[in-house]
Amino acid sequence: MKERRILVCIKPVPDPEHYDEIRIDPTSKTLVRSGIPAVINPNDKNAIEAALEVREYWGGTVELLSMAPPDAEENLREGLAMGADKAYLLSDRSFAGSDTLATARVLAAGVEKIGSFDLVITGSESADGGTTNVSPQLGEMLGLPHVCNVESIKPQNEGQWQLNVKIEEGYMEVEGPTPMVIGVNHKINIPRYTTVMGIMEAEDKEVVIWSAADLGIDNGKVGLTGSPTQPGGLHEPKLQRAGELLEGEPEVVVDKLIKLLRQAGVLNA
Amino acid sequence: MSILQFDKKQEMLRKTVKEFVEKEIVPIAAEIDEQDIFPEELFQKMGQMGYNGIFVPREYGGAGMGYTERAILLEEISRHSAGLAMAVMTHHLGVAAILDFGTEEQKKKYLPDLCSGKKIGGLAVTEPSGGSDLMGHQSTGEKIGEGWVLNGRKCFITNSHVADVSVVTVRTGEDAKGRPALSGFIIEKGTEGFAPGHKENKFGLRGSVMGDLNINDCHVSSEALLGQEGKAAKIALSTIGGVGRPGMAAISVGILRACLEESVKFAKERVIYGKPLAKVPAIQSIIAKNRIDYEAGMLLTYQAIGIKDTGERSDTQSAIAKHYTTEAAVVAAKRTIDLMGGYGCINEYPAGRYLRDAMTTIPSGGTTQIMELVIAGASLA
């Protein structure tokens with residue numbers, strides 16, 4: 001059987017343990033990431049795990065791709081320590097402030113420069129932006145079939161894959177040929193731990209770094225300039241608690257409580 | 001900017017160990033302590049992670065890192081379960097003794113399984129005659145033909161009831177000056193005449209089994225001899241001094257960090273006099289002292305271990321680190337209990353466990369007074 005070549009797109013996001021330190025720049029309305037440690041987007045770890053499992057069954061290579069600042073090399077090393085074979089980092093000042101479309105353009109340029117793949121796997125959703133846009137946008141730009149919110153990937157006959165896709169009221173089974181772009185959700189697997197041996201092996205694996213010039217990408221199509229969506233007004237939600245004291249005999253109080261919960265939409269009728 | 005700098009590989013190790021600890025150890029840490037159970041399945045999993053042979057070269061099945069990385073591992077485990085860290089630390093003593101003093105055949109025979117999690121290691125030196133009195137060994141080894149027959153009793157041996165491979169020291173003769181000569185033997189679990197005896201009920205470092213090893217007419221072949229006949233004092237001192245004491249220091253740094261983090265957390269959350277406890281100057285004083293002890297402990301510990309990783313001897317620095325961190329951990333734990341008031345005395349909060357664990361680190365690997373002898377001896381030489 002032909003060896004699979006699998007690409008996983010990952011994104012560094014602010015470490016959730018430091019969420020209380022995150023600020024938003026009031027002028028650019030973007031996250032101030034400086035000083036906040038970055039971790040691999042948790043859903044992208046599911047993507048790496050899915051790719052590694054595919055490789056375990058069918059052989060081949062798993063390569064990582066990320067558009068991020070230079071220090072994202074550490075996050076890529078962690079992905080390599082999980083078991084990926086090689087990594088590519090697309091890093092350029094001009095990429096800063098990219099919305100999802102501009103990000104997808106950069107990633108697509110990276111994919112085209114690296115070569116052809118059987119599968120491109122991404123997380124469906126990032127922990128910071130949470131738009132779920134990049135995976136389908138990437139698929140469109142690469143001209144490949146793409147599916148999001150995938151909860152299982154099963155190989156069928158040569159070149160065919162069966163995917164279980166989570167939809168609002170259940171699941172949808174789809175089948176399609178490679179190459180394709182798959183956005184996995186967080187329920188697809190439990191990402192493996194990074195072993196000490198993996199960390200040692202990652203030191204010798206290659207991380208290729210490309211700039212905008214290396215990709216030959218138009219600067220007008222990336223960064224804030226290349227982003228058709230711009231952040232709007234910033235509103236900080238005010239958290240308030242409404243309290244009501246329910247008094248009376250336990251049966252009466254319980255009845256009142258059930259009625260209020262139903263009215264609030266918390267309890268189904 | 002700290003003088004103590006970890007490289008990217010070490011930072012990644014710390015991060016990934018932390019993730020493992022949070023998912024696998026934190027949920028059972030209280031239970032490990034309460035039930036005094038050694039989680040054998042988890043130990044096997046840790047072997048697959050590379051933890052059990054972290055400093056062993058890859059050619060023997062280890063992960064190929066060094067002692068600094070081993071200290072990071074022990075610190076992170078100990079932050080939540082010093083008892084389990086103690087079991088791992090002691091396993092490392094058995095591994096290190098074979099790695100440093102074993103023949104190529106012995107290394108190839110024992111190290112792969114010890115590193116992978118298939119087998120648990122141990123080091124049995126202490127006897128009822130006294131752990132501090134190394135040369136007062138009463139256990140004996142007599143050469144019979146090509147092999148040996150061993151007799152005696154070891155006590156206060158961590159991993160006594162779970163170790164598959166134990167390095168045991170016994171008295172086999174006298175040197176040219178009439179002083180006791182010790183020899184070391186690698187003895188496998190199940191060897192006739194070698195069995196665990198009484199199991200101790202410790203108040204601290206629970207989750208690591210500790211007890212007696214009874215040696216009654218235990219016959220072993222010449223292949224079981226570790227290192228040279230009569231030269232095992234070096235094995236014991238080198239392993240305990242160069243691997244055990246830094247390990248205890250790393251475990252104590254974990255306890256110190258636990259005291260700092262828990263005291264900060266409690267002080268921020270607890271409201272008293274209408275404001276967080278953290279606003280009270282006396283509480284800030286406790287937190288400052290916990291921080292000082294933790295940072296000082298870190299510097300002393302990683303300095304000592306860094307010296308060892310260069311290949312130089314670090315006995316004095318290890319004794320200093322062990323002395324400071326173990327004693328400081330007791331004081332920090334008591335301070336943390338004071339900060340928490342009544343809650344500090346409730347077992348649902350871990351501060352009481354920190355104190356019990358810290359107290360138990362002190363006699364492990366050499367008492368505070370022995371450390372002072374070592375340090376003074378080096379200073380006066």
# chains A, B, ... in the order shown; residues from 1 in each chain; ligands from 1
>>> closest_atom_pairs(of="chain B", to="chain A", cutoff="9 Å", atoms="only C-alpha atoms", output="CSV")
residue,atom,partner,partner_atom,distance
B:Lys8,CA,A:Glu74,CA,7.6
B:Lys9,CA,A:Ile199,CA,6.9
B:Met12,CA,A:Glu78,CA,7.2
B:Leu13,CA,A:Val196,CA,6.9
B:Thr16,CA,A:Thr194,CA,6.1
B:Val17,CA,A:Thr194,CA,8.4
B:Glu19,CA,A:Tyr193,CA,8.0
B:Phe20,CA,A:Tyr193,CA,7.0
B:Gln48,CA,A:Thr195,CA,7.7
B:Met49,CA,A:Thr195,CA,4.6
B:Gly50,CA,A:Val196,CA,5.1
B:Tyr51,CA,A:Val196,CA,7.0
B:Ile54,CA,A:Val196,CA,7.3
B:Arg58,CA,A:Met197,CA,8.8
B:Gly62,CA,A:Met197,CA,8.3
B:Ala63,CA,A:Met197,CA,5.2
B:Gly64,CA,A:Met200,CA,7.6
B:Met65,CA,A:Met200,CA,7.8
>>> residues_around(residues="range 258-264 of chain B", least_positions_apart="3", cutoff="12 Å", atoms="only C-alpha atoms", output="short mmCIF file (atom, residue, chain, number, x, y, z; two decimals) with N, CA and C atoms, in the first residue's frame")
data_model
loop_
_atom_site.label_atom_id
_atom_site.label_comp_id
_atom_site.auth_asym_id
_atom_site.auth_seq_id
_atom_site.Cartn_x
_atom_site.Cartn_y
_atom_site.Cartn_z
N GLU B 75 10.74 16.44 41.31
CA GLU B 75 10.12 17.65 41.87
C GLU B 75 8.65 17.72 41.46
N GLU B 76 8.39 17.46 40.18
CA GLU B 76 7.01 17.59 39.69
C GLU B 76 6.10 16.53 40.30
N ILE B 77 6.61 15.32 40.46
CA ILE B 77 5.79 14.27 41.08
C ILE B 77 5.56 14.61 42.55
N SER B 78 6.63 15.04 43.22
CA SER B 78 6.57 15.31 44.65
C SER B 78 5.66 16.49 44.96
N ARG B 79 5.52 17.41 44.02
CA ARG B 79 4.64 18.57 44.24
C ARG B 79 3.25 18.07 44.65
N HIS B 80 2.86 16.91 44.16
CA HIS B 80 1.54 16.40 44.47
C HIS B 80 1.57 15.10 45.27
N SER B 81 2.63 14.31 45.13
CA SER B 81 2.72 13.07 45.90
C SER B 81 4.17 12.76 46.20
N ALA B 82 4.64 13.26 47.34
CA ALA B 82 6.03 13.01 47.72
C ALA B 82 6.24 11.52 47.99
N ILE B 251 12.84 16.04 45.91
CA ILE B 251 11.52 15.74 46.50
C ILE B 251 11.12 16.85 47.45
N SER B 252 12.07 17.32 48.24
CA SER B 252 11.77 18.39 49.21
C SER B 252 11.48 19.70 48.50
N VAL B 253 12.13 19.95 47.37
CA VAL B 253 11.81 21.15 46.58
C VAL B 253 10.35 21.07 46.12
N GLY B 254 9.93 19.88 45.74
CA GLY B 254 8.52 19.69 45.36
C GLY B 254 7.58 20.02 46.51
N ILE B 255 7.94 19.60 47.71
CA ILE B 255 7.12 19.90 48.89
C ILE B 255 7.14 21.41 49.16
N ALA B 267 -4.56 31.98 50.54
CA ALA B 267 -4.58 33.39 50.96
C ALA B 267 -5.40 34.25 50.00
N LYS B 268 -5.41 33.91 48.74
CA LYS B 268 -6.17 34.70 47.76
C LYS B 268 -7.66 34.42 47.86
N GLU B 269 -7.98 33.16 48.19
CA GLU B 269 -9.39 32.77 48.17
C GLU B 269 -10.12 33.05 49.48
N ARG B 270 -9.43 32.92 50.58
CA ARG B 270 -10.07 33.04 51.90
C ARG B 270 -10.33 34.51 52.20
N PRO B 276 -9.52 39.61 51.22
CA PRO B 276 -8.76 38.36 51.13
C PRO B 276 -7.71 38.31 52.24
N LEU B 277 -7.48 37.10 52.74
CA LEU B 277 -6.46 36.87 53.76
C LEU B 277 -5.11 37.38 53.29
N ALA B 278 -4.90 37.39 51.99
CA ALA B 278 -3.62 37.82 51.41
C ALA B 278 -3.27 39.27 51.75
N LYS B 279 -4.28 40.04 52.19
CA LYS B 279 -4.01 41.45 52.52
C LYS B 279 -3.41 41.60 53.92
N ILE B 283 0.22 37.24 57.13
CA ILE B 283 0.08 36.18 56.11
C ILE B 283 1.09 36.40 54.99
N GLN B 284 1.28 37.67 54.62
CA GLN B 284 2.27 37.99 53.58
C GLN B 284 3.66 37.57 54.03
N SER B 285 3.90 37.70 55.31
CA SER B 285 5.21 37.30 55.86
C SER B 285 5.42 35.81 55.68
N ILE B 286 4.37 35.03 55.93
CA ILE B 286 4.47 33.57 55.76
C ILE B 286 4.76 33.24 54.30
N ILE B 287 4.03 33.91 53.43
CA ILE B 287 4.20 33.61 52.00
C ILE B 287 5.61 34.00 51.56
N ALA B 288 6.11 35.11 52.04
CA ALA B 288 7.47 35.53 51.68
C ALA B 288 8.49 34.49 52.12
N LYS B 289 8.32 33.99 53.34
CA LYS B 289 9.29 33.00 53.85
C LYS B 289 9.18 31.69 53.05
N ASN B 290 7.96 31.30 52.71
CA ASN B 290 7.81 30.09 51.88
C ASN B 290 8.50 30.27 50.54
N ARG B 291 8.37 31.46 49.98
CA ARG B 291 9.00 31.74 48.69
C ARG B 291 10.52 31.69 48.81
N ILE B 292 11.03 32.31 49.85
CA ILE B 292 12.49 32.34 50.04
C ILE B 292 13.03 30.91 50.15
N ASP B 293 12.36 30.11 50.97
CA ASP B 293 12.83 28.73 51.17
C ASP B 293 12.77 27.93 49.87
N TYR B 294 11.71 28.13 49.11
CA TYR B 294 11.58 27.40 47.85
C TYR B 294 12.68 27.81 46.87
N GLU B 295 12.89 29.10 46.71
CA GLU B 295 13.88 29.55 45.73
C GLU B 295 15.29 29.14 46.17
N ALA B 328 13.94 22.81 55.64
CA ALA B 328 13.09 23.95 55.25
C ALA B 328 11.68 23.50 54.93
N ALA B 329 11.55 22.32 54.36
CA ALA B 329 10.22 21.83 53.98
C ALA B 329 9.36 21.61 55.23
N VAL B 330 9.97 21.15 56.31
CA VAL B 330 9.21 20.96 57.56
C VAL B 330 8.69 22.30 58.06
N VAL B 331 9.57 23.28 58.06
CA VAL B 331 9.19 24.60 58.56
C VAL B 331 8.13 25.24 57.66
N ALA B 332 8.34 25.10 56.35
CA ALA B 332 7.37 25.68 55.41
C ALA B 332 6.00 25.02 55.54
N ALA B 333 6.01 23.72 55.76
CA ALA B 333 4.73 23.01 55.89
C ALA B 333 4.01 23.47 57.15
N LYS B 334 4.75 23.64 58.21
CA LYS B 334 4.14 24.10 59.47
C LYS B 334 3.59 25.51 59.29
N ARG B 335 4.36 26.36 58.59
CA ARG B 335 3.90 27.73 58.32
C ARG B 335 2.61 27.71 57.50
N THR B 336 2.57 26.81 56.53
CA THR B 336 1.39 26.73 55.65
C THR B 336 0.17 26.30 56.46
N ILE B 337 0.36 25.37 57.37
CA ILE B 337 -0.74 24.98 58.25
C ILE B 337 -1.18 26.17 59.10
N ASP B 338 -0.21 26.91 59.62
CA ASP B 338 -0.54 28.11 60.43
C ASP B 338 -1.35 29.09 59.59
N LEU B 339 -0.92 29.31 58.35
CA LEU B 339 -1.61 30.27 57.47
C LEU B 339 -3.06 29.86 57.27
N MET B 340 -3.28 28.54 57.16
CA MET B 340 -4.62 28.06 56.85
C MET B 340 -5.49 27.96 58.10
N GLY B 341 -4.91 28.18 59.26
CA GLY B 341 -5.70 28.14 60.49
C GLY B 341 -6.29 26.75 60.69
N TYR B 343 -8.34 25.13 58.96
CA TYR B 343 -8.39 24.32 57.73
C TYR B 343 -7.09 23.55 57.53
N GLY B 344 -5.99 24.09 58.05
CA GLY B 344 -4.71 23.40 57.90
C GLY B 344 -4.67 22.07 58.62
N TYR B 349 -7.45 19.13 53.21
CA TYR B 349 -6.43 20.03 52.70
C TYR B 349 -5.09 19.32 52.78
N PRO B 350 -4.20 19.54 51.83
CA PRO B 350 -2.98 18.73 51.79
C PRO B 350 -1.87 19.18 52.72
N ALA B 351 -2.03 20.32 53.39
CA ALA B 351 -0.91 20.87 54.17
C ALA B 351 -0.41 19.90 55.24
N GLY B 352 -1.32 19.18 55.85
CA GLY B 352 -0.90 18.22 56.88
C GLY B 352 -0.01 17.14 56.28
N ARG B 353 -0.36 16.72 55.07
CA ARG B 353 0.43 15.70 54.37
C ARG B 353 1.82 16.26 54.06
N TYR B 354 1.88 17.55 53.70
CA TYR B 354 3.19 18.14 53.40
C TYR B 354 4.09 18.04 54.63
N LEU B 355 3.53 18.33 55.81
CA LEU B 355 4.33 18.29 57.04
C LEU B 355 4.79 16.86 57.32
N ASP B 357 5.11 14.39 55.21
CA ASP B 357 6.07 13.98 54.19
C ASP B 357 7.43 14.63 54.45
N ALA B 358 7.40 15.92 54.77
CA ALA B 358 8.66 16.64 54.98
C ALA B 358 9.44 16.05 56.15
#
>>> atom_distance(atom1="CA of Ile37 in chain B", atom2="CA of Gly61 in chain B")
27.5 Å
>>> closest_residue(among="B:Ile144, B:Leu380, B:Ala233, B:Ala163", to="Lys118 in chain B", atoms="only C-alpha atoms")
B:Ala163
>>> closest_residue(among="A:Ala50, A:Leu101, A:Ile121, A:Ala109", to="Thr229 in chain A", atoms="only C-alpha atoms")
A:Leu101
